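In what follows, a structure is listed as structure tokens, so that the remarks can point back to it.
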Amino acid sequence: MNLNFEFFFNNLPELTITGLAFGAIYALIALGYTMVYGVLQLINFAHSEVFMYGTFAMLWTIMALGAADANGVHLVAILIAALFAAMAMSAVIALGLERIAYRPLIKRNAPRLIALISAIGASFVLAELMGLRDKISGWFGLDDDLSDYVQKAKINNSMAGVLEKPRFEIAGVSISSIDVIVIVSAVAMMVLLDQFVRRSRLGKGIRATAQDPETASLMGVNPTRTIQMTFLIGGLMAGVAAFLYMLKLDATNYQVGFLLGVKAFTAAVLGGIGNLRGALLGGLVLGVAENWGQAILGSEWRDVIAFVLLVLILLVRPTGLLGESLGKARA
Amino acid sequence: MKKLSALPKPAKILIWFLIALFAYALPLLELPILSTPDSDFASVLFTVSIYCLVALGLNIVVGYAGLLDLGYVGFYAIGAYTVAILTSFHGSWPLLLAIPVAVVVAMISGVILGAPTLRVRGDYLAIVTLGFGEIIRLVAVNTEWLGGNKGINNIGRPPNLGDEKTGLFEVPHLFWGDGTVLLDNKDTTKFLIFGYSDAVPYYWMGLTAVVLVLLADILIKNSRVGRAWEATREDEDAAELMGVPTFKFKLLAFSTGAFVGGLAGALFASRQSFINPQSFLLLFSILYLAAVVVGGQGNRWGVLLGAFLVAYLPERFRGFEDFRVLAFGLALVLLATLRPEGLLPPRRTVRAKQLEHELDELEEGAEPDHDGEETARA
């Protein structure tokens with residue numbers, strides 16, 4: 001292992017910005033974990049698949065609407081449509097998960113570990129359904145019809161080259177416009193969500209349920225509805241993350257969720273699980289640390305860095321960087 | 001179960017002996033429904049025995065001490081890699097000497113990981129252990145000294161008993177014809193030759209390890225240590241107040257689990273004779289946890305059943321190749337929904353549930369239809 005400090009210091013600004021872009025995506029996915037954990041004290045293991053379905057929805061929309069030949073206003077319209085498609089897809093999957101894999105267990109007051117197993121099962125099912133989509137659509141004789149508009153997407157799950165990604169320079173630092181879009185929109189979404197949870201009626205309900213579900217339900221907060229809302233918000237954010245992820249990396253596959261999910265959950269734990277601002281901080285810290293470490297140690301150590309960082313931080317601060325739960329967040 | 005425990009002791013011993021005999025003879029019987037048509041039955045049984053070992057070990061950590069460990073495959077990997085390095089890659093130790101070393105190394109790594117992390121509670125522990133499992137694998141991928149991505153081959157085999165060609169004696173398998181059962185003298189297992197093709201001796205080795213661990217498990221569970229673990233699991237603060245040094249016992253559970261995991265990994269490596277980081281994916285940690293939880297965490301028989309199902313079902317239905325993971329996922333969701341306590345929950349859990357239910361009835365009054373009659377009569 002040879003350390004490459006020269007490269008690191010020469011490219012520090014670029015590395016930081018790319019790291020922040022990845023971190024912003026982690027943070028958006030981490031929201032889903034952190035909110036569900038805050039309300040149900042349950043690791044929503046299948047959240048990574050919610051994200052994965054979002055990436056496919058984005059890809060299919062881009063392909064179906066022909067973004068390759070579009071430009072200007074038309075292209076922007078297509079991108080907005082893709083964003084909504086990704087959000088809708090992820091939200092539907094998240095709500096379905098809640099209905100099928102969690103609600104029966106919550107109703108029976110099952111042990112928490114069994115909910116994790118159910119989530120793992122649901123995660124396998126969702127990933128495999130996507131992986132086997134051609135076979136399954138083949139049973140219904142849909143193969144040819146579907147292939148008309150997802151043909152290109154089917155071949156390599158990629159939309160590389162569809163979008164131009166101009167770079168610009170500020171003070172001698174070359175910055176990808178996509179990175180800027182990713183960071184700005186992710187942070188904007190997080191701020192919006194933070195304000196929503198802090199100020200709106202629904203947000204108050206979510207926080208109340210996180211703090212004390214029984215008392216909250218006595219005060220007129222419908223627990224089932226609140227849990228649904230939590231999953232819905234997590235799904236919408238995963239959809240945004242999926243959109244930004246596809247803008248940045250162009251390609252997806254049915255197993256893409258797993259590692260990203262683990263990283264995002266790491267980010268959530270890093271910042272203090274159950275804490276919205278912690279998710280943002282944890283995501284950004286993780287993204288930057290990964291990118292820096294990768295520059296110094298080489299890309300094959302990227303994932304090791306993420307986990308070593310996690311272990312180290314938890315040893316020093318056992319409840320994460322910010323360590324406040326959703327319920328205790330100040331109003 | 002009640003009838004079984006009411007039997008006189010000799011009868012009980014006989015029954016257990018018969019069960020053990022059946023388990024040892026299983027690969028020779030080649031029972032038509034149970035056997036796997038698409039892959040070697042003895043190999044599948046060996047895998048099952050390794051899963052059973054792992055599940056017993058993980059059950060100590062998750063089931064008895066209540067520590068959620070998502071990186072158990074890390075200890076398994078440490079056991080496997082230690083054996084691989086000592087017998088093939090950086091040495092030529094005999095396997096029987098390498099296995100104890102591997103087990104001790106796994107145990108020490110359990111202490112090293114546990115000492116700082118066990119102060120972290122609940123789900124944080126889960127994610128730290130998950131990180132640990134991944135770190136072990138990625139370090140193996142990236143380190144040339146550990147064989148890198150290519151892995152290590154020619155791992156040592158257990159020593160043979162008797163002559164290479166025939167062993168001490170040969171055991172024929174059964175052959176199931178149309179309604180008749182014959183001894184198949186062409187298809188025999190040599191006692192005890194650990195060769196390349198015949199997995200039966202390895203299965204016997206794995207099964208013996210399972211039996212030994214099972215006996216140790218029974219002894220530990222009924223001792224002060226076992227009670228301390230359960231107390232820690234139920235309420236850590238209360239246990240601490242009652243004078244149980246919870247941290248020490250958690251560490252003990254963790255390293256005992258690592259011990260068994262390392263043993264399983266070492267046996268696995270010697271059977272495969274080849275390992276690479278692909279054998280130690282995070283997915284396996286999850287499968288092991290699934291085996292423990294599906295079977296009924298805290299109950300050793302439930303855990304064995306869970307391990308059997310998780311290892312055996314995908315092999316039995318190999319014909320459905322593409323859809324096995326999908327079906328496995330569906331089965332997990334269904335099981336979780338239908339039997340949240342696992343297939344065979346520990347007796348204590350069942351009793352606690354009943355008590356809770358009775359208390360609820362006492363507090364709130366039972367459902368009117370039969371409670372009404374009772375009060376009317378009173």
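Ordering of the structure tokens sets the chain letters (A, B, ...), residue numbers begin anew at 1 in every chain, and ligands are numbered from 1 in the order given.
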
Show me, as a VMD selection string, the residues that have an atom within 7 Å of region 50-62 of chain A when counting only C-alpha atoms, minus same-chain residues fewer than 4 positions from it. chain A and resid 46 66 to 67 78 82 to 83 85 to 87 89 to 90 93 to 94 150 153 159 235 238 to 239 242 to 243 246 252 254 256 to 257

Let's see if you can do this: from backbone DSSP, list all helix (DSSP H, G or I) residues in region 102-326 of chain B, as a PyMOL selection string. chain B and resi 102-117+122-142+144-146+148-150+200-221+224-234+236-241+246-272+277-280+282-295+300-316+318-326

Produce a file of the selected residues containing C-alpha atoms, as a compact mmCIF listing (two decimals), in the first residue's frame.
```
# COMPACT_ATOMS: atom_id res chain seq x y z
CA ALA B 102 -7.67 -20.87 13.74
CA VAL B 103 -10.28 -21.18 16.46
CA VAL B 104 -8.12 -19.33 18.96
CA VAL B 105 -7.34 -16.58 16.44
CA ALA B 106 -11.07 -16.16 15.75
CA MET B 107 -11.76 -16.01 19.47
CA ILE B 108 -9.05 -13.41 20.07
CA SER B 109 -10.40 -11.30 17.21
CA GLY B 110 -13.81 -11.59 18.87
CA VAL B 111 -12.35 -10.14 22.06
CA ILE B 112 -10.50 -7.42 20.15
CA LEU B 113 -13.65 -6.40 18.29
CA GLY B 114 -15.91 -6.85 21.28
CA ALA B 115 -13.91 -4.94 23.88
CA PRO B 116 -14.45 -1.51 22.35
CA THR B 117 -17.77 -2.11 20.57
CA GLY B 122 -28.59 -2.26 20.14
CA ASP B 123 -28.67 -1.32 16.50
CA TYR B 124 -25.43 0.58 16.67
CA LEU B 125 -23.77 -2.68 17.57
CA ALA B 126 -25.46 -4.27 14.56
CA ILE B 127 -24.00 -1.73 12.17
CA VAL B 128 -20.54 -1.81 13.78
CA THR B 129 -20.38 -5.57 13.43
CA LEU B 130 -21.66 -5.27 9.87
CA GLY B 131 -18.81 -2.86 9.20
CA PHE B 132 -16.36 -5.27 10.78
CA GLY B 133 -17.48 -8.15 8.57
CA GLU B 134 -17.09 -6.02 5.47
CA ILE B 135 -13.67 -4.73 6.58
CA ILE B 136 -12.40 -8.30 6.98
CA ARG B 137 -13.58 -9.23 3.51
CA LEU B 138 -12.28 -6.08 1.81
CA VAL B 139 -8.90 -6.41 3.52
CA ALA B 140 -8.72 -9.97 2.19
CA VAL B 141 -9.59 -8.68 -1.29
CA ASN B 142 -6.92 -5.99 -1.20
CA GLU B 144 -1.68 -9.85 -1.62
CA TRP B 145 -0.42 -11.65 1.49
CA LEU B 146 -3.91 -13.09 1.91
CA GLY B 148 -6.17 -11.12 -2.84
CA ASN B 149 -9.15 -11.65 -5.11
CA LYS B 150 -7.75 -14.93 -6.44
CA VAL B 200 -19.49 -38.08 3.23
CA PRO B 201 -16.43 -38.16 5.55
CA TYR B 202 -16.47 -34.37 5.67
CA TYR B 203 -20.14 -34.47 6.59
CA TRP B 204 -19.30 -36.87 9.42
CA MET B 205 -16.57 -34.48 10.55
CA GLY B 206 -18.98 -31.51 10.43
CA LEU B 207 -21.71 -33.46 12.21
CA THR B 208 -19.28 -34.50 14.96
CA ALA B 209 -18.36 -30.86 15.45
CA VAL B 210 -22.06 -29.98 15.62
CA VAL B 211 -22.68 -32.66 18.25
CA LEU B 212 -19.73 -31.49 20.36
CA VAL B 213 -20.76 -27.83 20.14
CA LEU B 214 -24.33 -28.83 20.95
CA LEU B 215 -23.23 -30.65 24.10
CA ALA B 216 -21.08 -27.70 25.17
CA ASP B 217 -24.01 -25.41 24.41
CA ILE B 218 -26.32 -27.41 26.69
CA LEU B 219 -23.76 -27.34 29.51
CA ILE B 220 -23.08 -23.61 29.18
CA LYS B 221 -26.74 -22.65 28.84
CA ARG B 224 -24.33 -19.56 35.76
CA VAL B 225 -22.95 -18.15 32.50
CA GLY B 226 -26.08 -19.05 30.56
CA ARG B 227 -28.33 -17.46 33.18
CA ALA B 228 -26.16 -14.35 33.23
CA TRP B 229 -26.49 -14.07 29.43
CA GLU B 230 -30.26 -14.33 29.58
CA ALA B 231 -30.46 -11.80 32.38
CA THR B 232 -28.34 -9.40 30.34
CA ARG B 233 -30.55 -9.92 27.32
CA GLU B 234 -33.81 -9.32 29.18
CA GLU B 236 -29.14 -5.02 31.05
CA ASP B 237 -29.53 -2.44 33.80
CA ALA B 238 -31.42 -4.77 36.11
CA ALA B 239 -28.80 -7.50 35.57
CA GLU B 240 -26.01 -5.07 36.35
CA LEU B 241 -27.79 -4.05 39.55
CA THR B 246 -22.80 -7.54 32.02
CA PHE B 247 -19.91 -6.26 29.97
CA LYS B 248 -17.74 -9.26 30.80
CA PHE B 249 -20.54 -11.66 29.99
CA LYS B 250 -21.33 -9.93 26.73
CA LEU B 251 -17.67 -10.16 25.81
CA LEU B 252 -17.69 -13.83 26.76
CA ALA B 253 -20.76 -14.45 24.57
CA PHE B 254 -19.15 -12.59 21.70
CA SER B 255 -15.89 -14.52 21.88
CA THR B 256 -17.66 -17.85 22.36
CA GLY B 257 -19.68 -17.10 19.26
CA ALA B 258 -16.47 -16.16 17.44
CA PHE B 259 -14.92 -19.45 18.59
CA VAL B 260 -17.70 -21.50 16.98
CA GLY B 261 -17.73 -19.29 13.88
CA GLY B 262 -13.99 -19.76 13.48
CA LEU B 263 -14.35 -23.52 13.83
CA ALA B 264 -17.04 -23.58 11.15
CA GLY B 265 -14.88 -21.49 8.83
CA ALA B 266 -11.87 -23.75 9.38
CA LEU B 267 -13.87 -26.89 8.55
CA PHE B 268 -15.38 -25.19 5.52
CA ALA B 269 -11.96 -24.18 4.20
CA SER B 270 -10.59 -27.70 4.60
CA ARG B 271 -13.53 -29.22 2.70
CA GLN B 272 -13.50 -26.67 -0.12
CA PRO B 277 -13.25 -13.40 -0.51
CA GLN B 278 -16.42 -14.29 -2.45
CA SER B 279 -17.13 -16.98 0.16
CA PHE B 280 -17.52 -14.36 2.88
CA LEU B 282 -22.21 -9.79 3.82
CA LEU B 283 -25.08 -11.80 2.38
CA PHE B 284 -23.91 -14.81 4.38
CA SER B 285 -24.05 -12.90 7.66
CA ILE B 286 -27.63 -12.14 6.78
CA LEU B 287 -28.41 -15.73 5.85
CA TYR B 288 -26.97 -16.94 9.18
CA LEU B 289 -29.01 -14.40 11.06
CA ALA B 290 -32.06 -15.51 9.09
CA ALA B 291 -31.37 -19.12 10.11
CA VAL B 292 -31.25 -18.15 13.78
CA VAL B 293 -34.31 -15.92 13.75
CA VAL B 294 -36.44 -18.12 11.50
CA GLY B 295 -35.77 -21.17 13.63
CA ARG B 300 -30.95 -24.53 20.06
CA TRP B 301 -33.26 -27.02 18.31
CA GLY B 302 -35.13 -24.25 16.59
CA VAL B 303 -31.87 -22.75 15.43
CA LEU B 304 -30.73 -26.09 14.03
CA LEU B 305 -34.02 -26.40 12.17
CA GLY B 306 -33.58 -22.87 10.81
CA ALA B 307 -30.04 -23.64 9.67
CA PHE B 308 -31.22 -26.81 7.98
CA LEU B 309 -33.96 -24.96 6.10
CA VAL B 310 -31.76 -22.05 5.03
CA ALA B 311 -28.99 -24.33 3.77
CA TYR B 312 -31.09 -27.16 2.41
CA LEU B 313 -34.12 -25.61 0.70
CA PRO B 314 -32.18 -23.61 -1.93
CA GLU B 315 -30.25 -26.78 -2.84
CA ARG B 316 -33.33 -29.01 -2.90
CA ARG B 318 -32.05 -25.92 -7.46
CA GLY B 319 -34.25 -26.76 -10.42
CA PHE B 320 -35.88 -23.37 -10.00
CA GLU B 321 -32.43 -21.77 -10.18
CA ASP B 322 -33.49 -18.25 -11.16
CA PHE B 323 -36.29 -17.99 -8.67
CA ARG B 324 -34.63 -19.39 -5.57
CA VAL B 325 -33.61 -16.10 -4.02
CA LEU B 326 -37.02 -14.68 -4.79
```

Using only C-alpha atoms, what table do you get, as a tab-separated table, when you list each residue of chain A with an atom no more than 8 Å from chain B, its nearest pair of atoms, and their distance in Å rounded to one decimal, rows by chain then rising number?
```
residue	atom	partner	partner_atom	distance
A:Ile43	CA	B:Asp123	CA	7.9
A:Ala101	CA	B:Val333	CA	6.5
A:Pro104	CA	B:Thr337	CA	6.3
A:Leu105	CA	B:Thr337	CA	6.0
A:Ala110	CA	B:Pro340	CA	5.7
A:Pro111	CA	B:Pro340	CA	7.0
A:Leu113	CA	B:Val293	CA	7.5
A:Ile114	CA	B:Ala336	CA	5.8
A:Ala115	CA	B:Ala336	CA	7.0
A:Ile117	CA	B:Ala290	CA	6.3
A:Ser118	CA	B:Val333	CA	4.5
A:Ala119	CA	B:Val333	CA	7.4
A:Ile120	CA	B:Gly329	CA	7.3
A:Gly121	CA	B:Gly329	CA	3.9
A:Ala122	CA	B:Gly329	CA	6.0
A:Ser123	CA	B:Gly329	CA	7.3
A:Phe124	CA	B:Gly329	CA	5.0
A:Val125	CA	B:Leu326	CA	4.9
A:Glu128	CA	B:Leu326	CA	5.6
A:Leu129	CA	B:Leu326	CA	7.2
A:Leu132	CA	B:Asp322	CA	7.8
A:Thr266	CA	B:Ile127	CA	7.2
A:Val269	CA	B:Tyr124	CA	7.1
A:Glu300	CA	B:Asn142	CA	6.8
A:Trp301	CA	B:Asn142	CA	7.5
A:Asp303	CA	B:Leu138	CA	7.6
A:Val304	CA	B:Ile135	CA	5.4
A:Phe307	CA	B:Gly131	CA	5.0
A:Val308	CA	B:Gly131	CA	7.4
A:Leu310	CA	B:Val128	CA	7.2
A:Val311	CA	B:Val128	CA	5.8
A:Leu314	CA	B:Val120	CA	7.7
A:Leu315	CA	B:Thr117	CA	6.7
A:Pro318	CA	B:Val120	CA	5.8
A:Thr319	CA	B:Tyr124	CA	7.7
```

Provide the CA of His47 (chain A) to CA of Pro223 (chain A) distance in Å, to one decimal place. 20.4 Å

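Interatomic distance, CA of Ile313 (chain A) against CA of Gly272 (chain A): 10.5 Å.
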